[in-house]
$ cat target00.csv   # CSV, N, CA and C atoms
chain,number,residue,atom,x,y,z
A,255,MET,N,-16.3,13.9,-31.7
A,255,MET,CA,-16.0,14.1,-30.3
A,255,MET,C,-14.8,15.0,-30.2
A,256,GLU,N,-13.9,14.9,-31.1
A,256,GLU,CA,-12.6,15.6,-30.9
A,256,GLU,C,-12.8,17.1,-30.7
A,257,PRO,N,-13.7,17.8,-31.5
A,257,PRO,CA,-13.8,19.2,-31.2
A,257,PRO,C,-14.3,19.6,-29.8
A,258,PHE,N,-15.1,18.7,-29.3
A,258,PHE,CA,-15.6,19.0,-27.9
A,258,PHE,C,-14.5,18.8,-26.9
A,259,VAL,N,-13.8,17.7,-27.0
A,259,VAL,CA,-12.7,17.4,-26.1
A,259,VAL,C,-11.6,18.5,-26.2
A,260,GLU,N,-11.3,18.9,-27.4
A,260,GLU,CA,-10.3,20.0,-27.6
A,260,GLU,C,-10.8,21.3,-27.0
A,261,ASP,N,-12.1,21.6,-27.1
A,261,ASP,CA,-12.6,22.8,-26.5
A,261,ASP,C,-12.5,22.7,-25.0
A,262,MET,N,-12.8,21.5,-24.4
A,262,MET,CA,-12.6,21.4,-23.0
A,262,MET,C,-11.2,21.6,-22.6
A,263,LYS,N,-10.2,21.0,-23.3
A,263,LYS,CA,-8.8,21.2,-23.0
A,263,LYS,C,-8.4,22.6,-23.1
A,264,ARG,N,-8.9,23.3,-24.1
A,264,ARG,CA,-8.6,24.7,-24.3
A,264,ARG,C,-9.1,25.5,-23.1
A,265,HIS,N,-10.3,25.3,-22.7
A,265,HIS,CA,-10.8,26.0,-21.5
A,265,HIS,C,-9.9,25.7,-20.3
A,266,LEU,N,-9.5,24.4,-20.1
A,266,LEU,CA,-8.7,24.1,-18.9
A,266,LEU,C,-7.3,24.9,-19.0
A,267,GLY,N,-6.8,24.9,-20.2
A,267,GLY,CA,-5.5,25.7,-20.5
A,267,GLY,C,-5.6,27.1,-20.2
A,268,LEU,N,-6.8,27.7,-20.4
A,268,LEU,CA,-7.1,29.1,-20.1
A,268,LEU,C,-7.4,29.4,-18.6
A,269,GLY,N,-7.5,28.3,-17.8
A,269,GLY,CA,-7.9,28.4,-16.4
A,269,GLY,C,-9.4,28.6,-16.2
A,270,LEU,N,-10.2,28.3,-17.3
A,270,LEU,CA,-11.6,28.4,-17.2
A,270,LEU,C,-12.2,27.0,-16.8
A,271,HIS,N,-11.9,26.6,-15.5
A,271,HIS,CA,-12.3,25.3,-15.0
A,271,HIS,C,-13.8,25.1,-15.0
A,272,ALA,N,-14.6,26.1,-14.6
A,272,ALA,CA,-16.0,25.9,-14.5
A,272,ALA,C,-16.6,25.6,-15.9
A,273,GLU,N,-16.1,26.3,-16.9
A,273,GLU,CA,-16.6,26.1,-18.2
A,273,GLU,C,-16.1,24.7,-18.8
A,274,ALA,N,-14.9,24.3,-18.5
A,274,ALA,CA,-14.4,23.0,-18.9
A,274,ALA,C,-15.2,21.9,-18.2
A,275,PHE,N,-15.6,22.1,-17.0
A,275,PHE,CA,-16.4,21.2,-16.2
A,275,PHE,C,-17.8,21.0,-17.0
A,276,GLU,N,-18.4,22.1,-17.4
A,276,GLU,CA,-19.7,22.0,-18.1
A,276,GLU,C,-19.5,21.2,-19.4
A,277,ILE,N,-18.4,21.5,-20.1
A,277,ILE,CA,-18.2,20.8,-21.4
A,277,ILE,C,-18.0,19.3,-21.1
A,278,CYS,N,-17.2,18.9,-20.1
A,278,CYS,CA,-17.0,17.5,-19.8
A,278,CYS,C,-18.3,16.9,-19.5
A,279,LYS,N,-19.2,17.5,-18.7
A,279,LYS,CA,-20.5,17.0,-18.3
A,279,LYS,C,-21.3,16.8,-19.6
A,280,GLY,N,-21.3,17.7,-20.5
A,280,GLY,CA,-22.1,17.6,-21.7
A,280,GLY,C,-21.6,16.4,-22.6
A,281,ILE,N,-20.3,16.2,-22.6
A,281,ILE,CA,-19.7,15.1,-23.4
A,281,ILE,C,-20.2,13.8,-22.8
A,282,VAL,N,-20.0,13.6,-21.5
A,282,VAL,CA,-20.4,12.4,-20.9
A,282,VAL,C,-21.9,12.1,-21.0
A,283,LEU,N,-22.7,13.1,-20.7
A,283,LEU,CA,-24.2,13.0,-20.8
A,283,LEU,C,-24.7,12.7,-22.2
A,284,GLY,N,-24.1,13.4,-23.2
A,284,GLY,CA,-24.5,13.2,-24.6
A,284,GLY,C,-24.2,11.8,-25.0
A,285,LEU,N,-23.0,11.3,-24.7
A,285,LEU,CA,-22.6,9.9,-25.1
A,285,LEU,C,-23.4,8.9,-24.3
A,286,TYR,N,-23.8,9.2,-23.1
A,286,TYR,CA,-24.6,8.3,-22.3
A,286,TYR,C,-26.0,8.2,-22.9
A,287,GLN,N,-26.5,9.3,-23.4
A,287,GLN,CA,-27.9,9.3,-24.0
A,287,GLN,C,-27.9,8.6,-25.3
A,288,CYS,N,-26.8,8.5,-26.0
A,288,CYS,CA,-26.9,7.9,-27.4
A,288,CYS,C,-26.4,6.4,-27.3
A,289,ARG,N,-26.0,5.9,-26.1
A,289,ARG,CA,-25.4,4.6,-26.0
A,289,ARG,C,-26.3,3.5,-26.5
A,290,ASP,N,-27.6,3.7,-26.4
A,290,ASP,CA,-28.6,2.6,-26.8
A,290,ASP,C,-29.4,3.0,-28.0
A,291,SER,N,-28.7,3.7,-28.9
A,291,SER,CA,-29.4,4.1,-30.1
A,291,SER,C,-29.7,2.8,-31.0
A,292,ALA,N,-30.8,2.2,-30.7
A,292,ALA,CA,-31.1,0.9,-31.4
A,292,ALA,C,-31.2,1.1,-32.9
A,293,GLY,N,-30.5,0.3,-33.6
A,293,GLY,CA,-30.6,0.3,-35.1
A,293,GLY,C,-29.6,1.3,-35.7
A,294,ASP,N,-28.9,2.0,-34.9
A,294,ASP,CA,-28.0,3.0,-35.5
A,294,ASP,C,-26.9,2.3,-36.2
A,295,GLU,N,-26.7,2.6,-37.5
A,295,GLU,CA,-25.8,2.0,-38.4
A,295,GLU,C,-24.3,2.0,-37.9
A,296,PHE,N,-23.9,3.2,-37.4
A,296,PHE,CA,-22.6,3.4,-36.9
A,296,PHE,C,-22.3,2.8,-35.6
A,297,LEU,N,-23.2,3.0,-34.6
A,297,LEU,CA,-23.0,2.5,-33.3
A,297,LEU,C,-23.1,1.0,-33.3
A,298,GLY,N,-23.7,0.4,-34.3
A,298,GLY,CA,-23.8,-1.1,-34.4
A,298,GLY,C,-22.4,-1.6,-34.6
A,299,TRP,N,-21.5,-0.8,-35.3
A,299,TRP,CA,-20.1,-1.3,-35.5
A,299,TRP,C,-19.2,-1.0,-34.4
A,300,ALA,N,-19.6,-0.1,-33.5
A,300,ALA,CA,-18.7,0.3,-32.4
A,300,ALA,C,-19.6,0.5,-31.2
A,301,GLU,N,-20.1,-0.5,-30.7
A,301,GLU,CA,-21.1,-0.4,-29.6
A,301,GLU,C,-20.4,0.2,-28.3
A,302,ASP,N,-19.1,0.0,-28.1
A,302,ASP,CA,-18.4,0.4,-27.0
A,302,ASP,C,-18.0,1.9,-27.1
A,303,PHE,N,-18.2,2.5,-28.3
A,303,PHE,CA,-17.6,3.8,-28.5
A,303,PHE,C,-18.2,4.9,-27.4
A,304,PRO,N,-19.5,4.9,-27.2
A,304,PRO,CA,-19.9,6.0,-26.2
A,304,PRO,C,-19.2,5.9,-24.9
A,305,ALA,N,-19.2,4.7,-24.3
A,305,ALA,CA,-18.6,4.5,-23.0
A,305,ALA,C,-17.1,4.8,-23.0
A,306,GLU,N,-16.4,4.3,-24.1
A,306,GLU,CA,-14.9,4.6,-24.2
A,306,GLU,C,-14.6,6.0,-24.4
A,307,ALA,N,-15.4,6.7,-25.2
A,307,ALA,CA,-15.2,8.1,-25.4
A,307,ALA,C,-15.5,9.0,-24.2
A,308,ALA,N,-16.5,8.6,-23.4
A,308,ALA,CA,-16.8,9.3,-22.2
A,308,ALA,C,-15.7,9.1,-21.2
A,309,GLY,N,-15.2,7.9,-21.1
A,309,GLY,CA,-14.1,7.6,-20.2
A,309,GLY,C,-12.8,8.4,-20.6
A,310,SER,N,-12.6,8.5,-21.9
A,310,SER,CA,-11.5,9.3,-22.4
A,310,SER,C,-11.6,10.7,-22.0
A,311,ALA,N,-12.8,11.3,-22.2
A,311,ALA,CA,-13.1,12.7,-21.9
A,311,ALA,C,-12.8,13.0,-20.4
A,312,VAL,N,-13.3,12.0,-19.5
A,312,VAL,CA,-13.1,12.2,-18.1
A,312,VAL,C,-11.6,12.1,-17.8
A,313,ALA,N,-10.9,11.2,-18.5
A,313,ALA,CA,-9.4,11.0,-18.2
A,313,ALA,C,-8.7,12.3,-18.7
A,314,ASP,N,-9.1,12.9,-19.8
A,314,ASP,CA,-8.5,14.1,-20.2
A,314,ASP,C,-8.8,15.2,-19.2
A,315,TRP,N,-10.0,15.3,-18.6
A,315,TRP,CA,-10.3,16.3,-17.6
A,315,TRP,C,-9.4,16.0,-16.4
A,316,MET,N,-9.2,14.8,-16.0
A,316,MET,CA,-8.5,14.5,-14.8
A,316,MET,C,-7.0,14.6,-15.1
A,317,GLY,N,-6.6,14.5,-16.3
A,317,GLY,CA,-5.1,14.5,-16.7
A,317,GLY,C,-4.6,15.9,-16.9
A,318,ALA,N,-5.4,16.9,-16.8
A,318,ALA,CA,-5.0,18.3,-17.0
A,318,ALA,C,-3.9,18.6,-16.0
A,319,GLY,N,-2.8,19.1,-16.5
A,319,GLY,CA,-1.7,19.5,-15.6
A,319,GLY,C,-0.6,18.5,-15.6
A,320,LYS,N,-0.8,17.3,-16.2
A,320,LYS,CA,0.3,16.3,-16.4
A,320,LYS,C,1.2,16.8,-17.5
A,321,PRO,N,2.4,16.3,-17.6
A,321,PRO,CA,3.3,16.7,-18.7
A,321,PRO,C,2.6,16.5,-20.0
A,322,GLY,N,2.6,17.6,-20.8
A,322,GLY,CA,2.0,17.5,-22.2
A,322,GLY,C,0.6,17.9,-22.2
A,323,ALA,N,-0.1,18.0,-21.1
A,323,ALA,CA,-1.5,18.4,-21.0
A,323,ALA,C,-1.6,19.9,-20.7
A,324,SER,N,-2.8,20.4,-21.1
A,324,SER,CA,-3.0,21.8,-20.8
A,324,SER,C,-3.7,22.0,-19.5
A,325,GLY,N,-3.5,23.2,-18.9
A,325,GLY,CA,-4.2,23.5,-17.7
A,325,GLY,C,-3.6,23.0,-16.5
A,326,ASN,N,-4.2,23.1,-15.4
A,326,ASN,CA,-3.8,22.7,-14.1
A,326,ASN,C,-4.5,21.5,-13.6
A,327,GLN,N,-3.9,20.7,-12.7
A,327,GLN,CA,-4.6,19.5,-12.2
A,327,GLN,C,-5.9,19.9,-11.5
A,328,PRO,N,-7.0,19.4,-11.8
A,328,PRO,CA,-8.2,19.7,-11.1
A,328,PRO,C,-8.1,19.3,-9.7
A,329,GLY,N,-8.4,20.1,-8.7
A,329,GLY,CA,-8.4,19.8,-7.3
A,329,GLY,C,-9.6,19.1,-6.9
A,330,PRO,N,-9.7,18.6,-5.6
A,330,PRO,CA,-10.9,18.0,-5.1
A,330,PRO,C,-12.1,18.8,-5.2
A,331,ASN,N,-12.0,20.1,-5.2
A,331,ASN,CA,-13.2,20.9,-5.3
A,331,ASN,C,-13.8,20.9,-6.6
A,332,ARG,N,-13.1,20.4,-7.6
A,332,ARG,CA,-13.7,20.2,-9.0
A,332,ARG,C,-14.0,18.7,-9.2
A,333,VAL,N,-13.2,17.8,-8.7
A,333,VAL,CA,-13.3,16.4,-8.9
A,333,VAL,C,-14.6,15.9,-8.3
A,334,LEU,N,-14.9,16.3,-7.0
A,334,LEU,CA,-16.1,15.8,-6.3
A,334,LEU,C,-17.4,16.2,-7.1
A,335,PRO,N,-17.6,17.4,-7.6
A,335,PRO,CA,-18.8,17.7,-8.3
A,335,PRO,C,-18.9,16.8,-9.6
A,336,LEU,N,-17.8,16.5,-10.3
A,336,LEU,CA,-17.8,15.7,-11.5
A,336,LEU,C,-18.3,14.3,-11.1
A,337,ARG,N,-17.7,13.8,-10.0
A,337,ARG,CA,-18.1,12.5,-9.5
A,337,ARG,C,-19.6,12.4,-9.1
A,338,LYS,N,-20.1,13.5,-8.5
A,338,LYS,CA,-21.5,13.5,-8.1
A,338,LYS,C,-22.4,13.6,-9.4
A,339,PHE,N,-22.0,14.3,-10.4
A,339,PHE,CA,-22.7,14.4,-11.7
A,339,PHE,C,-22.8,13.0,-12.3
A,340,VAL,N,-21.7,12.3,-12.3
A,340,VAL,CA,-21.6,11.0,-13.0
A,340,VAL,C,-22.5,10.0,-12.2
A,341,ASP,N,-22.4,10.1,-10.9
A,341,ASP,CA,-23.3,9.2,-10.0
A,341,ASP,C,-24.8,9.5,-10.3
A,342,GLU,N,-25.1,10.7,-10.4
A,342,GLU,CA,-26.6,11.1,-10.6
A,342,GLU,C,-27.1,10.9,-12.0
A,343,HIS,N,-26.3,11.2,-13.0
A,343,HIS,CA,-26.8,11.2,-14.4
A,343,HIS,C,-26.3,10.1,-15.3
A,344,VAL,N,-25.4,9.3,-14.8
A,344,VAL,CA,-24.8,8.3,-15.7
A,344,VAL,C,-24.7,7.0,-14.8
A,345,PRO,N,-25.9,6.6,-14.3
A,345,PRO,CA,-25.9,5.5,-13.3
A,345,PRO,C,-25.4,4.1,-13.9
A,346,GLU,N,-25.6,3.9,-15.2
A,346,GLU,CA,-25.2,2.6,-15.8
A,346,GLU,C,-23.7,2.6,-16.1
A,347,TRP,N,-23.0,3.6,-15.9
A,347,TRP,CA,-21.6,3.6,-16.1
A,347,TRP,C,-20.9,3.9,-14.8
A,348,PRO,N,-21.0,3.1,-13.8
A,348,PRO,CA,-20.4,3.3,-12.5
A,348,PRO,C,-18.9,3.3,-12.5
A,349,TRP,N,-18.3,2.7,-13.5
A,349,TRP,CA,-16.8,2.7,-13.6
A,349,TRP,C,-16.3,4.1,-13.8
A,350,ILE,N,-17.1,5.0,-14.4
A,350,ILE,CA,-16.6,6.4,-14.5
A,350,ILE,C,-16.4,7.0,-13.1
A,351,SER,N,-17.3,6.7,-12.2
A,351,SER,CA,-17.2,7.3,-10.9
A,351,SER,C,-16.0,6.7,-10.2
A,352,LYS,N,-15.7,5.4,-10.4
A,352,LYS,CA,-14.5,4.8,-9.8
A,352,LYS,C,-13.3,5.4,-10.4
A,353,GLN,N,-13.3,5.7,-11.7
A,353,GLN,CA,-12.2,6.4,-12.4
A,353,GLN,C,-11.9,7.8,-11.8
A,354,VAL,N,-13.0,8.5,-11.5
A,354,VAL,CA,-12.9,9.8,-10.9
A,354,VAL,C,-12.4,9.7,-9.5
A,355,ALA,N,-13.0,8.7,-8.7
A,355,ALA,CA,-12.6,8.5,-7.3
A,355,ALA,C,-11.2,8.2,-7.2
A,356,GLY,N,-10.7,7.4,-8.1
A,356,GLY,CA,-9.3,7.0,-8.1
A,356,GLY,C,-8.3,8.1,-8.3
A,357,LYS,N,-8.8,9.2,-8.8
A,357,LYS,CA,-7.9,10.4,-9.1
A,357,LYS,C,-7.9,11.4,-8.0
A,358,GLU,N,-8.9,11.3,-7.1
A,358,GLU,CA,-9.1,12.3,-6.0
A,358,GLU,C,-7.9,12.4,-5.1
A,359,GLY,N,-7.2,11.4,-4.8
A,359,GLY,CA,-6.1,11.4,-3.9
A,359,GLY,C,-4.8,11.8,-4.5
A,360,LYS,N,-4.8,12.0,-5.8
A,360,LYS,CA,-3.6,12.4,-6.5
A,360,LYS,C,-3.4,13.8,-6.7
$ encode --input "target00.csv" --output "structure tokens"
Amino acid sequence: MEPFVEDMKRHLGLGLHAEAFEICKGIVLGLYQCRDSAGDEFLGWAEDFPAEAAGSAVADWMGAGKPGASGNQPGPNRVLPLRKFVDEHVPEWPWISKQVAGKEGK
């Protein structure tokens, strides 16, 4: 996961917010799709990994612009599309939408 998250952060740092948004969506959707990989040897040891890693990627997206982070703070014009994406494509992880919604006013 680290290379994808680092790539997203690099794009944010370069001001390429649309591209970083697409990377973030890909991370979340990919993790969501593999969450129920029945019989997977590694996911059996870390069943919470997909959800936690997705939440971490969204937090990194939302945290851009804070001290020590790259890029600028995503404004509402970028946060709302991410929230909509999560609501539409990741319905079993509603807490991610709440995480995104909690950052809108900041």
$ atom_distance --input "target00.csv" --atom1 "atom CA of Ile277 of chain A" --atom2 "atom CA of Met262 of chain A"
5.9 Å
$ closest_residue --input "target00.csv" --among "A:Trp347, A:Phe275, A:Trp315, A:Phe303" --to "Arg289 of chain A" --atoms "all atoms listed in the file"
A:Phe303
$ atom_distance --input "target00.csv" --atom1 "atom CA of Leu285 of chain A" --atom2 "atom C of Pro304 of chain A"
5.3 Å
$ atom_distance --input "target00.csv" --atom1 "atom CA of Val340 of chain A" --atom2 "atom CA of Lys263 of chain A"
19.2 Å
$ residues_near_point --input "target00.csv" --point "(-17.8, 22.3, -26.8)" --cutoff "8 Å" --atoms "all atoms listed in the file" --output "ChimeraX atom specification"
/A:257-262,276-278,281
$ closest_residue --input "target00.csv" --among "A:Ala300, A:Ile350, A:Cys288, A:Ala313" --to "Arg337 of chain A" --atoms "all atoms listed in the file"
A:Ile350
$ closest_residue --input "target00.csv" --among "A:Ala308, A:Leu268, A:Met316, A:Leu334" --to "Tyr286 of chain A" --atoms "only C-alpha atoms"
A:Ala308
